[in-house]
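Undergrad: query_38.txt is reproduced below (compact mmCIF, C-alpha atoms).
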# COMPACT_ATOMS: atom_id res chain seq x y z
CA MET A 1 0.00 0.00 0.00
CA ARG A 2 1.41 3.37 -1.08
CA VAL A 3 -0.14 6.43 0.57
CA ALA A 4 0.29 10.09 -0.36
CA GLY A 5 -0.63 12.91 1.98
CA ILE A 6 -1.65 16.43 0.97
CA ILE A 7 -1.90 19.33 3.42
CA ALA A 8 -4.53 21.71 2.10
CA GLU A 9 -7.20 24.30 2.72
CA TYR A 10 -9.35 23.66 -0.37
CA ASN A 11 -10.66 27.19 -0.01
CA PRO A 12 -12.28 26.36 -2.37
CA PHE A 13 -11.41 23.15 -4.20
CA HIS A 14 -10.50 23.88 -7.84
CA LEU A 15 -8.96 22.31 -10.94
CA GLY A 16 -5.42 22.76 -9.64
CA HIS A 17 -6.26 20.69 -6.57
CA LYS A 18 -7.77 17.94 -8.70
CA LYS A 19 -4.62 17.90 -10.83
CA GLN A 20 -2.46 17.51 -7.72
CA ILE A 21 -4.49 14.52 -6.55
CA ALA A 22 -4.28 12.96 -10.02
CA TYR A 23 -0.50 13.51 -10.03
CA ALA A 24 -0.14 11.78 -6.67
CA ARG A 25 -2.17 8.82 -7.88
CA GLU A 26 -1.00 8.46 -11.46
CA THR A 27 2.60 9.71 -11.42
CA LEU A 28 3.64 8.94 -7.84
CA GLY A 29 1.72 5.66 -7.81
CA ALA A 30 -0.29 6.32 -4.67
CA ASP A 31 -3.01 3.79 -3.91
CA TYR A 32 -4.65 6.19 -1.46
CA ILE A 33 -4.70 9.96 -1.02
CA ILE A 34 -5.14 11.49 2.45
CA ALA A 35 -5.97 15.19 2.74
CA ALA A 36 -5.07 16.92 6.00
CA MET A 37 -7.47 19.82 5.56
CA SER A 38 -8.07 23.06 7.44
CA GLY A 39 -11.32 23.13 9.34
CA ALA A 40 -13.55 26.19 9.66
CA TYR A 41 -10.74 28.80 9.45
CA VAL A 42 -7.74 29.21 7.20
CA GLN A 43 -4.15 30.39 7.41
CA ARG A 44 -4.73 33.94 6.20
CA GLY A 45 -6.79 34.59 9.34
CA ALA A 46 -10.32 34.30 7.97
CA PRO A 47 -13.22 31.86 7.91
CA ALA A 48 -13.10 29.33 5.09
CA LEU A 49 -15.41 30.29 2.23
CA PHE A 50 -17.45 27.10 2.61
CA PRO A 51 -17.99 24.96 5.74
CA LYS A 52 -15.53 22.14 6.33
CA HIS A 53 -18.01 19.31 5.77
CA LEU A 54 -18.93 20.69 2.35
CA ARG A 55 -15.25 21.13 1.49
CA THR A 56 -14.68 17.55 2.66
CA LYS A 57 -17.30 16.35 0.19
CA MET A 58 -15.65 18.42 -2.54
CA ALA A 59 -12.27 16.87 -1.74
CA LEU A 60 -13.68 13.34 -1.84
CA LEU A 61 -15.48 14.02 -5.13
CA GLY A 62 -12.21 15.47 -6.42
CA GLY A 63 -10.31 12.23 -5.75
CA ALA A 64 -9.20 12.16 -2.11
CA ASP A 65 -9.86 8.94 -0.18
CA LEU A 66 -9.77 10.28 3.38
CA VAL A 67 -10.03 13.78 4.85
CA LEU A 68 -8.62 14.58 8.30
CA GLU A 69 -9.13 17.91 10.06
CA LEU A 70 -6.38 20.34 10.98
CA PRO A 71 -7.49 21.96 14.28
CA VAL A 72 -8.15 25.70 14.23
CA SER A 73 -5.03 26.68 16.20
CA ILE A 74 -2.97 24.99 13.45
CA SER A 75 -5.06 25.84 10.39
CA SER A 76 -5.03 29.57 11.26
CA ALA A 77 -1.38 29.72 12.34
CA SER A 78 1.72 30.97 10.53
CA ALA A 79 3.39 28.81 7.86
CA GLU A 80 5.76 27.20 10.38
CA PHE A 81 3.04 25.98 12.74
CA PHE A 82 0.63 25.15 9.90
CA ALA A 83 3.20 22.94 8.18
CA ALA A 84 4.42 21.37 11.42
CA GLY A 85 0.88 20.49 12.50
CA GLY A 86 -0.02 19.03 9.12
CA ALA A 87 3.19 16.98 8.90
CA ASP A 88 2.77 15.73 12.47
CA LEU A 89 -0.78 14.61 11.68
CA LEU A 90 0.23 12.73 8.53
CA ASP A 91 3.22 11.18 10.29
CA GLY A 92 1.20 10.27 13.36
CA ILE A 93 -1.31 8.07 11.52
CA GLY A 94 1.58 5.79 10.56
CA VAL A 95 0.72 5.04 6.92
CA THR A 96 1.88 8.10 4.95
CA ASP A 97 4.72 7.46 2.51
CA LEU A 98 4.75 10.74 0.57
CA LEU A 99 3.89 14.37 1.21
CA CYS A 100 2.94 16.01 -2.07
CA PHE A 101 2.80 19.80 -2.29
CA GLY A 102 2.58 22.35 -5.10
CA SER A 103 5.32 24.91 -5.69
CA GLU A 104 6.68 27.40 -8.19
CA SER A 105 9.81 25.25 -8.49
CA GLY A 106 8.82 21.66 -9.10
CA LYS A 107 12.22 20.42 -7.83
CA ILE A 108 12.74 19.27 -4.25
CA ASN A 109 16.49 19.80 -3.73
CA PHE A 110 16.56 23.47 -2.68
CA PHE A 111 13.53 22.98 -0.44
CA GLN A 112 15.47 20.43 1.58
CA THR A 113 18.68 22.49 1.59
CA ALA A 114 16.85 25.55 2.94
CA ALA A 115 14.82 23.45 5.38
CA HIS A 116 17.98 21.96 6.86
CA VAL A 117 19.37 25.43 7.69
CA LEU A 118 16.09 26.59 9.23
CA SER A 119 15.84 23.39 11.23
CA LYS A 120 19.38 23.59 12.66
CA GLU A 121 19.60 27.42 12.85
CA PRO A 122 23.42 27.85 12.72
CA GLU A 123 24.82 30.76 14.73
CA GLU A 124 25.78 32.79 11.65
CA TYR A 125 22.24 32.48 10.26
CA LYS A 126 20.79 33.64 13.61
CA ARG A 127 23.15 36.62 13.65
CA LEU A 128 22.05 37.65 10.15
CA LEU A 129 18.39 37.26 11.08
CA LYS A 130 18.74 39.34 14.24
CA SER A 131 20.53 42.12 12.34
CA LEU A 132 17.83 42.29 9.63
CA LEU A 133 15.04 42.37 12.21
CA LYS A 134 16.76 45.29 13.96
CA GLU A 135 16.71 47.16 10.66
CA GLY A 136 12.90 47.04 10.74
CA ASN A 137 12.27 44.21 8.28
CA SER A 138 9.20 42.04 8.84
CA PHE A 139 10.04 38.56 10.10
CA PRO A 140 9.20 36.76 6.81
CA SER A 141 11.37 39.21 4.84
CA ALA A 142 14.24 39.10 7.34
CA ARG A 143 14.22 35.32 7.44
CA SER A 144 14.32 34.96 3.65
CA GLN A 145 17.20 37.47 3.36
CA ALA A 146 19.16 35.85 6.19
CA LEU A 147 18.66 32.38 4.73
CA LEU A 148 19.80 33.43 1.27
CA SER A 149 22.85 35.31 2.61
CA TYR A 150 23.87 32.35 4.75
CA LEU A 151 23.54 29.84 1.90
CA LEU A 152 25.47 32.06 -0.51
CA GLU A 153 28.30 32.23 2.04
CA THR A 154 28.38 28.55 2.99
CA SER A 155 27.21 26.55 -0.03
CA PRO A 156 26.76 28.79 -3.10
CA GLU A 157 26.77 25.76 -5.39
CA ASP A 158 23.43 24.68 -3.87
CA VAL A 159 21.73 28.03 -4.48
CA PRO A 160 19.73 28.40 -7.70
CA ARG A 161 20.01 31.58 -9.75
CA ASP A 162 16.42 32.55 -8.97
CA ALA A 163 16.79 31.92 -5.22
CA ALA A 164 15.55 35.37 -4.20
CA GLN A 165 12.41 34.95 -6.30
CA PHE A 166 12.07 31.37 -5.02
CA LEU A 167 12.04 32.58 -1.41
CA ALA A 168 9.45 35.26 -2.17
CA SER A 169 6.79 32.71 -3.17
CA PRO A 170 4.25 31.77 -0.45
CA ASN A 171 3.93 28.25 -1.87
CA ASN A 172 7.70 27.75 -1.84
CA ILE A 173 7.97 29.11 1.71
CA LEU A 174 5.30 26.65 2.82
CA GLY A 175 7.10 23.85 1.00
CA ILE A 176 10.30 24.63 2.90
CA GLU A 177 8.32 24.48 6.14
CA TYR A 178 6.93 21.05 5.16
CA CYS A 179 10.46 19.75 4.58
CA LYS A 180 11.65 21.31 7.83
CA ALA A 181 8.80 19.71 9.77
CA ILE A 182 9.55 16.29 8.29
CA GLU A 183 13.24 16.64 9.22
CA LYS A 184 12.44 17.72 12.79
CA LEU A 185 10.06 14.78 13.21
CA ASN A 186 12.73 12.43 11.83
CA SER A 187 9.86 11.11 9.74
CA SER A 188 10.10 8.51 7.00
CA ILE A 189 7.70 10.56 4.86
CA ARG A 190 9.31 11.64 1.58
CA PRO A 191 8.45 15.16 0.38
CA VAL A 192 7.58 15.53 -3.31
CA THR A 193 6.73 18.77 -5.10
CA LEU A 194 4.54 19.35 -8.11
CA LEU A 195 5.11 22.40 -10.33
CA ARG A 196 2.14 24.75 -10.06
CA GLU A 197 0.80 26.07 -13.34
CA GLY A 198 -1.52 28.97 -14.05
CA ALA A 199 -2.32 31.78 -11.62
CA ALA A 200 0.07 32.78 -8.84
CA TYR A 201 -0.83 32.26 -5.19
CA HIS A 202 -2.10 35.84 -4.61
CA ASP A 203 -3.46 36.37 -8.14
CA THR A 204 -7.05 37.58 -7.87
CA SER A 205 -7.81 37.39 -11.61
CA LEU A 206 -9.24 34.43 -13.49
CA THR A 207 -7.96 33.46 -16.93
CA ARG A 208 -9.77 30.93 -19.11
CA ASN A 209 -7.89 27.70 -19.79
CA ALA A 210 -5.43 28.43 -16.96
CA ALA A 211 -5.38 26.85 -13.50
CA PRO A 212 -6.86 29.38 -11.07
CA SER A 213 -5.73 30.43 -7.61
CA ALA A 214 -8.12 30.03 -4.71
CA SER A 215 -7.67 33.78 -4.15
CA GLY A 216 -8.97 34.44 -7.66
CA ILE A 217 -12.08 32.33 -7.13
CA ARG A 218 -12.83 34.01 -3.79
CA ALA A 219 -12.38 37.42 -5.40
CA PHE A 220 -14.79 36.41 -8.16
CA VAL A 221 -17.37 35.30 -5.60
CA LYS A 222 -17.19 38.68 -3.83
CA ASP A 223 -17.46 40.54 -7.10
CA TYR A 224 -20.35 38.42 -8.36
CA LEU A 225 -22.33 38.77 -5.16
CA LYS A 226 -21.70 42.51 -5.03
CA GLY A 227 -23.16 42.82 -8.51
CA ALA A 228 -26.13 40.60 -7.63
CA ALA A 229 -26.85 42.65 -4.49
CA GLU A 230 -26.81 45.85 -6.51
CA GLY A 231 -29.16 44.34 -9.09
CA LYS A 232 -26.51 44.67 -11.78
CA THR A 233 -24.79 42.19 -14.06
CA GLY A 234 -21.55 42.54 -12.12
CA SER A 235 -20.10 45.42 -10.12
CA SER A 236 -18.88 48.53 -11.90
CA ASP A 237 -15.26 48.00 -10.84
CA SER A 238 -15.21 44.33 -11.78
CA LYS A 239 -11.98 42.83 -13.12
CA PHE A 240 -13.75 39.70 -14.42
CA SER A 241 -15.03 39.11 -17.94
CA PHE A 242 -18.18 37.44 -16.66
CA ARG A 243 -21.04 39.84 -15.93
CA GLY A 244 -24.21 37.71 -15.75
CA THR A 245 -26.12 36.66 -12.64
CA ASP A 246 -28.07 33.81 -14.26
CA ALA A 247 -27.25 30.36 -12.80
CA ASP A 248 -26.63 28.79 -16.22
CA GLU A 249 -24.31 31.62 -17.22
CA LEU A 250 -22.49 31.32 -13.90
CA THR A 251 -22.07 27.58 -14.38
CA GLY A 252 -20.79 28.09 -17.91
CA TYR A 253 -18.18 30.54 -16.70
CA LEU A 254 -16.96 28.67 -13.61
CA LYS A 255 -16.58 25.31 -15.38
CA ASN A 256 -13.29 26.73 -16.67
CA PHE A 257 -11.93 26.78 -13.13
CA LEU A 258 -13.77 24.16 -11.05
CA PRO A 259 -14.07 20.37 -11.52
CA GLU A 260 -17.44 19.35 -12.92
CA GLU A 261 -18.10 17.19 -9.83
CA ILE A 262 -17.67 20.23 -7.59
CA LEU A 263 -19.48 22.85 -9.66
CA PRO A 264 -23.10 22.02 -8.62
CA LEU A 265 -22.15 22.21 -4.90
CA PHE A 266 -20.39 25.52 -5.48
CA ILE A 267 -23.36 27.08 -7.33
CA GLN A 268 -25.86 25.75 -4.78
CA SER A 269 -23.86 27.21 -1.89
CA LEU A 270 -23.75 30.64 -3.52
CA SER A 271 -27.47 30.58 -4.29
CA HIS A 272 -28.33 29.62 -0.69
CA ASN A 273 -25.94 32.16 0.88
CA ALA A 274 -24.09 29.20 2.43
CA PHE A 275 -20.64 30.76 2.65
CA LEU A 276 -18.66 33.12 4.86
CA THR A 277 -16.04 35.80 4.29
CA GLU A 278 -14.07 37.92 6.77
CA ASP A 279 -16.80 40.56 6.44
CA ASP A 280 -19.15 38.23 8.32
CA LEU A 281 -16.92 38.67 11.39
CA ASP A 282 -17.40 42.46 11.52
CA LEU A 283 -19.81 42.80 14.47
CA LEU A 284 -18.50 39.83 16.43
CA LEU A 285 -14.93 41.10 16.27
CA HIS A 286 -15.97 44.64 17.26
CA TYR A 287 -17.72 43.26 20.33
CA LYS A 288 -14.62 41.25 21.28
CA LEU A 289 -12.32 44.25 20.84
CA LEU A 290 -14.57 46.46 22.97
CA PHE A 291 -14.81 43.73 25.60
CA THR A 292 -11.05 43.01 25.86
CA ALA A 293 -8.73 45.32 27.82
CA PRO A 294 -5.57 46.32 25.87
CA GLU A 295 -3.30 44.75 28.49
CA ASP A 296 -5.07 41.40 27.98
CA MET A 297 -4.78 41.34 24.19
CA ALA A 298 -1.10 40.48 23.93
CA GLY A 299 -1.64 36.98 25.30
CA TYR A 300 -3.26 35.76 22.09
CA LEU A 301 -1.42 34.00 19.27
CA ASP A 302 0.27 36.43 16.83
CA LEU A 303 -0.86 39.46 18.86
CA SER A 304 2.18 41.41 20.11
CA LYS A 305 2.19 44.25 22.64
CA ASP A 306 2.84 46.74 19.85
CA LEU A 307 -0.14 45.49 17.88
CA ALA A 308 -2.32 45.52 21.00
CA GLU A 309 -1.40 49.20 21.50
CA ARG A 310 -2.26 50.00 17.89
CA ILE A 311 -5.63 48.28 18.28
CA ALA A 312 -6.40 50.31 21.41
CA ASN A 313 -5.28 53.57 19.80
CA HIS A 314 -7.37 53.07 16.65
CA LEU A 315 -10.40 51.24 18.04
CA ASN A 316 -12.69 54.26 17.60
CA GLU A 317 -12.00 54.07 13.85
CA TYR A 318 -13.31 50.51 13.56
CA SER A 319 -16.05 49.87 11.02
CA GLY A 320 -15.24 46.32 9.88
CA PHE A 321 -12.72 43.48 9.90
CA SER A 322 -11.01 44.22 6.58
CA GLN A 323 -11.12 47.99 7.07
CA PHE A 324 -9.51 47.69 10.51
CA VAL A 325 -6.71 45.49 9.16
CA GLN A 326 -5.90 48.24 6.67
CA ILE A 327 -5.69 50.79 9.51
CA LEU A 328 -3.43 48.57 11.63
CA LYS A 329 -0.99 47.73 8.80
CA THR A 330 2.63 48.80 9.29
CA LYS A 331 5.91 48.05 7.53
CA GLU A 332 6.74 45.43 10.16
CA LEU A 333 3.29 43.79 10.24
CA THR A 334 1.86 42.03 7.19
CA TYR A 335 -1.87 42.02 6.45
CA THR A 336 -2.01 38.28 7.03
CA ARG A 337 -0.27 38.53 10.40
CA ILE A 338 -2.80 41.15 11.55
CA GLN A 339 -5.77 39.12 10.30
CA ARG A 340 -4.50 36.05 12.13
CA ALA A 341 -4.00 38.05 15.32
CA LEU A 342 -7.55 39.45 15.18
CA LEU A 343 -9.01 36.02 14.47
CA HIS A 344 -7.09 34.47 17.36
CA LEU A 345 -8.35 37.19 19.69
CA LEU A 346 -11.90 36.60 18.50
CA LEU A 347 -11.69 32.82 19.00
CA GLY A 348 -9.59 32.91 22.19
CA ILE A 349 -6.60 31.07 20.68
CA ARG A 350 -3.36 31.58 22.61
CA ARG A 351 -0.99 28.98 21.15
CA PRO A 352 -0.90 26.06 18.72
CA PRO A 353 -0.44 22.58 20.21
CA SER A 354 3.11 21.28 20.54
CA ARG A 355 1.90 17.96 19.17
CA GLN A 356 -1.14 16.50 17.47
CA PRO A 357 -3.09 14.62 20.17
CA TYR A 358 -5.59 12.98 17.82
CA ALA A 359 -6.57 12.49 14.18
CA ARG A 360 -10.13 13.58 13.51
CA VAL A 361 -11.84 12.07 10.48
CA LEU A 362 -14.13 14.43 8.56
CA GLY A 363 -14.97 12.03 5.76
CA PHE A 364 -13.86 9.12 3.58
CA ARG A 365 -14.77 7.06 0.55
CA LYS A 366 -16.34 3.66 1.24
CA ASP A 367 -13.75 1.89 -0.88
CA SER A 368 -10.96 3.22 1.37
CA ALA A 369 -11.80 0.67 4.09
CA PRO A 370 -8.36 -1.04 3.75
CA LEU A 371 -6.70 2.34 4.39
CA LEU A 372 -8.71 2.97 7.56
CA LYS A 373 -7.98 -0.55 8.77
CA GLU A 374 -4.24 0.02 8.30
CA ILE A 375 -4.38 3.38 10.10
CA LYS A 376 -6.13 1.80 13.10
CA LYS A 377 -3.36 -0.77 13.20
CA ARG A 378 -0.36 1.57 12.83
CA SER A 379 -1.42 5.01 14.10
CA ARG A 380 0.19 6.48 17.24
CA LEU A 381 -2.72 8.96 17.39
CA PRO A 382 -6.26 8.14 18.52
CA LEU A 383 -8.54 8.08 15.47
CA LEU A 384 -11.57 10.23 16.21
CA THR A 385 -14.64 9.45 14.11
CA LYS A 386 -17.39 10.30 16.60
CA LEU A 387 -16.97 13.33 18.88
CA SER A 388 -19.23 11.89 21.57
CA ASN A 389 -16.59 9.18 22.12
CA ALA A 390 -13.77 11.70 22.57
CA SER A 391 -13.68 11.69 26.38
CA LYS A 392 -13.11 7.92 26.34
CA ILE A 393 -10.11 7.95 24.02
CA LEU A 394 -8.39 11.35 24.36
CA ASP A 395 -5.96 12.56 27.02
CA PRO A 396 -6.43 15.99 28.70
CA ASP A 397 -4.42 17.77 25.99
CA GLY A 398 -6.56 16.18 23.33
CA MET A 399 -9.78 17.15 25.05
CA ALA A 400 -8.58 20.75 25.51
CA LEU A 401 -7.73 21.03 21.80
CA LEU A 402 -11.04 19.46 20.81
CA LYS A 403 -12.92 21.90 23.06
CA GLU A 404 -11.13 24.86 21.46
CA ASN A 405 -11.85 23.51 17.99
CA THR A 406 -15.49 22.77 18.77
CA TYR A 407 -16.05 26.32 20.03
CA ALA A 408 -14.47 27.83 16.92
CA SER A 409 -16.52 25.54 14.67
CA ASN A 410 -19.72 26.47 16.49
CA VAL A 411 -18.94 30.18 16.03
CA TYR A 412 -18.60 29.54 12.29
CA GLU A 413 -21.84 27.55 12.27
CA SER A 414 -23.75 30.23 14.20
CA LEU A 415 -22.75 32.86 11.62
CA LEU A 416 -23.54 30.55 8.73
CA CYS A 417 -26.96 29.38 9.91
CA LYS A 418 -27.99 33.00 10.59
CA LYS A 419 -26.95 33.92 7.06
CA GLU A 420 -28.75 30.94 5.53
CA GLY A 421 -31.85 31.29 7.71
CA ARG A 422 -31.76 27.73 9.07
CA PRO A 423 -31.49 26.11 12.52
CA PHE A 424 -28.11 25.85 14.28
CA LEU A 425 -26.39 22.44 14.20
CA HIS A 426 -23.88 21.78 16.98
CA GLU A 427 -20.47 20.42 16.00
CA TYR A 428 -21.10 17.19 17.93
CA ALA A 429 -24.20 16.52 15.81
CA ARG A 430 -22.31 16.64 12.50
CA PRO A 431 -22.15 13.23 10.79
CA LEU A 432 -19.14 12.00 8.84
CA THR A 433 -19.15 12.63 5.12
CA ILE A 434 -19.08 9.23 3.40
CA LEU A 435 -19.16 8.70 -0.35
Represent the structure contained in this file as structure tokens.

TA:
Amino acid sequence: MRVAGIIAEYNPFHLGHKKQIAYARETLGADYIIAAMSGAYVQRGAPALFPKHLRTKMALLGGADLVLELPVSISSASAEFFAAGGADLLDGIGVTDLLCFGSESGKINFFQTAAHVLSKEPEEYKRLLKSLLKEGNSFPSARSQALLSYLLETSPEDVPRDAAQFLASPNNILGIEYCKAIEKLNSSIRPVTLLREGAAYHDTSLTRNAAPSASGIRAFVKDYLKGAAEGKTGSSDSKFSFRGTDADELTGYLKNFLPEEILPLFIQSLSHNAFLTEDDLDLLLHYKLLFTAPEDMAGYLDLSKDLAERIANHLNEYSGFSQFVQILKTKELTYTRIQRALLHLLLGIRRPPSRQPYARVLGFRKDSAPLLKEIKKRSRLPLLTKLSNASKILDPDGMALLKENTYASNVYESLLCKKEGRPFLHEYARPLTIL
């Protein structure tokens, strides 16, 4: 049995994701594909566009055999913690042979070279990093510059010509973190990278016959809904060629970017208002900010004392989540860092777990029974399929993480059911998704 793992958000699932799964199965020879997927919230510090159980169904329809949940304190964390949590989960279930990730490189060598330095942190590298941080560089920028300078001094033959550009790519940075996590775990998992094609990670445009970015699809959704709300065929400042609001027209346009198995679920969710964006957090976050004393803010994940002071100083200017992030932005603080900090404050998240205490199953395909049987035999982590059984099989750390995750999921659900106009469904009442 050959098993490939993919750490993903599927926010939302698109043609590029389907291609990655096909590559793992057809080129890498994987018999089974396991997706370690973000739950209700994602790494950029926002709610996932669609709820996790719908995204699980999309992943299974798109070719995955099993979907496991990344807890919220991992799924909404920085690249280092996100990658470490995902790798620990895939390693902990005991069956994963390969970790397949997309990148702008397509070659694994430099990922592992850079990961080794970041894992060992030689003194000269730490000196360079400290110096760059003192100059006022953001941590991601300082780390990339220090890493490149160190490698050029110590092993220039291992540094590709486009190394600076390589280290500026979010997908490549995440890939380095995956390799670093595998090295730190001393895991037998072999990292493999697939060259991404089409739109760049942050590209918010959509081009026909080119693989989209998830950012581009989310931007299209916002633009489409803005036009629909205004009773127009698209908003006046739209960057997209599509302008219709008819369901058939919408389907015809989006089939260029979404797998045909996924498309009906996507359209149905839009038509039923069954999605969330960061704008849906506006009032809830404002309440939390008004309720929390400035001196208490700095205890939350990603929320420094300096940022807490900025929040307190600008709180009277608050009108919404995205607008407030713009106000708080500085040279040293990236938009994503601020969004994560605000989300962690809202959800009460103070730190990611040092280890994965369980593997929660969100869904699986019926024909993956041999895979589940092998996991039960070889996993060092309790396999959680029914939350009501958690107290019988989890240790105190596991129960604490599950409680945190359940609360965050219920917050998401409360916002979603209000938006859809349907009854609330508690996290413990959610059934597995089985295809």

Undergrad: Select, from A:Tyr287, A:Tyr428, A:Phe257, A:Tyr358, the residue with the minimum atom-to-atom distance to Gly85 in chain A, counting only C-alpha atoms.

TA: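 Among the listed residues, A:Tyr358 lies closest to Gly85 in chain A.
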
Undergrad: Within 7 Å of range 32-42 of chain A, counting all atoms listed in the file, which residues show up once you throw out same-chain ones fewer than 2 positions away? Write them as an NGL selection string, please.

TA: :A and (2-9 or 30 or 44-48 or 51-52 or 64-72 or 75-76 or 86 or 409 or 412)

Undergrad: Any idea what the distance is between CA of Glu260 in chain A and CA of Arg422 in chain A?

TA: 27.5 Å

Undergrad: Find the residue from A:Asn405, A:Asn11, A:Ser388, A:Ser103 that sits nearest to Met58 in chain A; use all atoms listed in the file when measuring.

TA: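 Distance minimum relative to Met58 in chain A lands on A:Asn11.
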
Undergrad: Find the residue from A:Thr27, A:Val221, A:Asn316, A:Pro140 that sits nearest to Ser169 in chain A; use all atoms listed in the file when measuring.

TA: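 Checking each candidate against Ser169 in chain A, we get A:Pro140 as the closest.
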
Undergrad: What is the CA of Lys19 in chain A-CA of Gly102 in chain A distance in Å, reported with one decimal?

TA: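 It comes out at 10.2 Å.
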
Undergrad: Please check which residues have atoms at most 12 Å from (-4.2, 40.7, 11.3) in the file's coordinates, counting only C-alpha atoms, and write them as a ChimeraX atom specification.

TA: /A:43-46,76-78,278,285,300-304,307-308,310-311,321-330,332-346

Undergrad: Determine, for each residue of range 45-157 of chain A having at least one atom at most 6 Å from an atom of range 172-186 of chain A, the closest pair of atoms and their separation in Å to one decimal, counting all atoms listed in the file; order by chain and ascending number, as a Markdown table.

TA:
| residue | atom | partner | partner_atom | distance |
| --- | --- | --- | --- | --- |
| A:Ala79 | CA | A:Leu174 | CA | 5.8 |
| A:Glu80 | CA | A:Glu177 | CA | 5.7 |
| A:Ala83 | CA | A:Tyr178 | CA | 5.2 |
| A:Ala84 | CA | A:Ala181 | CA | 5.0 |
| A:Ser103 | CA | A:Asn172 | CA | 5.3 |
| A:Phe111 | CA | A:Ile176 | CA | 4.9 |
| A:Gln112 | CA | A:Cys179 | CA | 5.9 |
| A:Ala115 | CA | A:Lys180 | CA | 4.5 |
| A:Ser119 | CA | A:Lys180 | CA | 5.8 |

Undergrad: When you draw a straight line from CA of Leu384 in chain A to CA of Val361 in chain A, how long is it in Å?

TA: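 Here the two named atoms are 6.0 Å from each other.
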
Undergrad: Nearest residue to Ser215 in chain A out of A:Ile393, A:Leu435, A:Met297, A:Leu49, using only C-alpha atoms?

TA: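 Counting only C-alpha atoms, the residue closest to Ser215 in chain A is A:Leu49.
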
Undergrad: For range 98-104 of chain A, I'd like the enclosing box, axis-aligned and padded by 4 Å on every side, reported as JSON with centre and edge lengths in Å to one decimal.

TA:
{"center_x": 4.6, "center_y": 19.1, "center_z": -3.5, "size_x": 12.1, "size_y": 24.7, "size_z": 17.4}

Undergrad: Anything within 9 Å of (-5.2, 6.5, 13.3): list those residues as a list in words, counting only C-alpha atoms and sticking to the file's coordinates.

TA: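 Collected hits near the coordinates: Gly92, Ile93, Gly94, Val95, Tyr358, Ala359, Arg360, Leu372, Lys373, Glu374, Ile375, Lys376, Lys377, Arg378, Ser379, Arg380, Leu381, Pro382, Leu383 and Leu384 of chain A.
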
Undergrad: Which residue gives the smallest distance to Ala59 in chain A among A:Phe291, A:Phe13, A:Tyr23, A:Phe266, with only C-alpha atoms counted?

TA: A:Phe13

Undergrad: Looking at all atoms listed in the file, which of A:Ile21, A:Leu152, A:Leu258, A:Leu194 is the one that sits closest to Gly216 in chain A?

TA: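 Ranked by minimum distance to Gly216 in chain A, first place goes to A:Leu258.
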
Undergrad: Tell me, as an MDAnalysis selection string, which residues lie within 9 Å of His286 in chain A, counting all atoms listed in the file; anything in the same chain fewer than 5 positions away does not count.

TA: chainID A and resid 281 291 315 318:321

Undergrad: Show which residues sit within 7 Å of Lys57 in chain A, as a ChimeraX atom specification. Count all atoms listed in the file, and ignore same-chain residues fewer than 4 positions away.

TA: /A:53,61,433

Undergrad: Can you pull out the residues contacting Leu128 in chain A? Cut-off 12 Å, using all atoms listed in the file, and skip same-chain residues under 4 positions away; I want them as a PyMOL selection string.

TA: chain A and resi 121-124+132-135+137+142-151+153
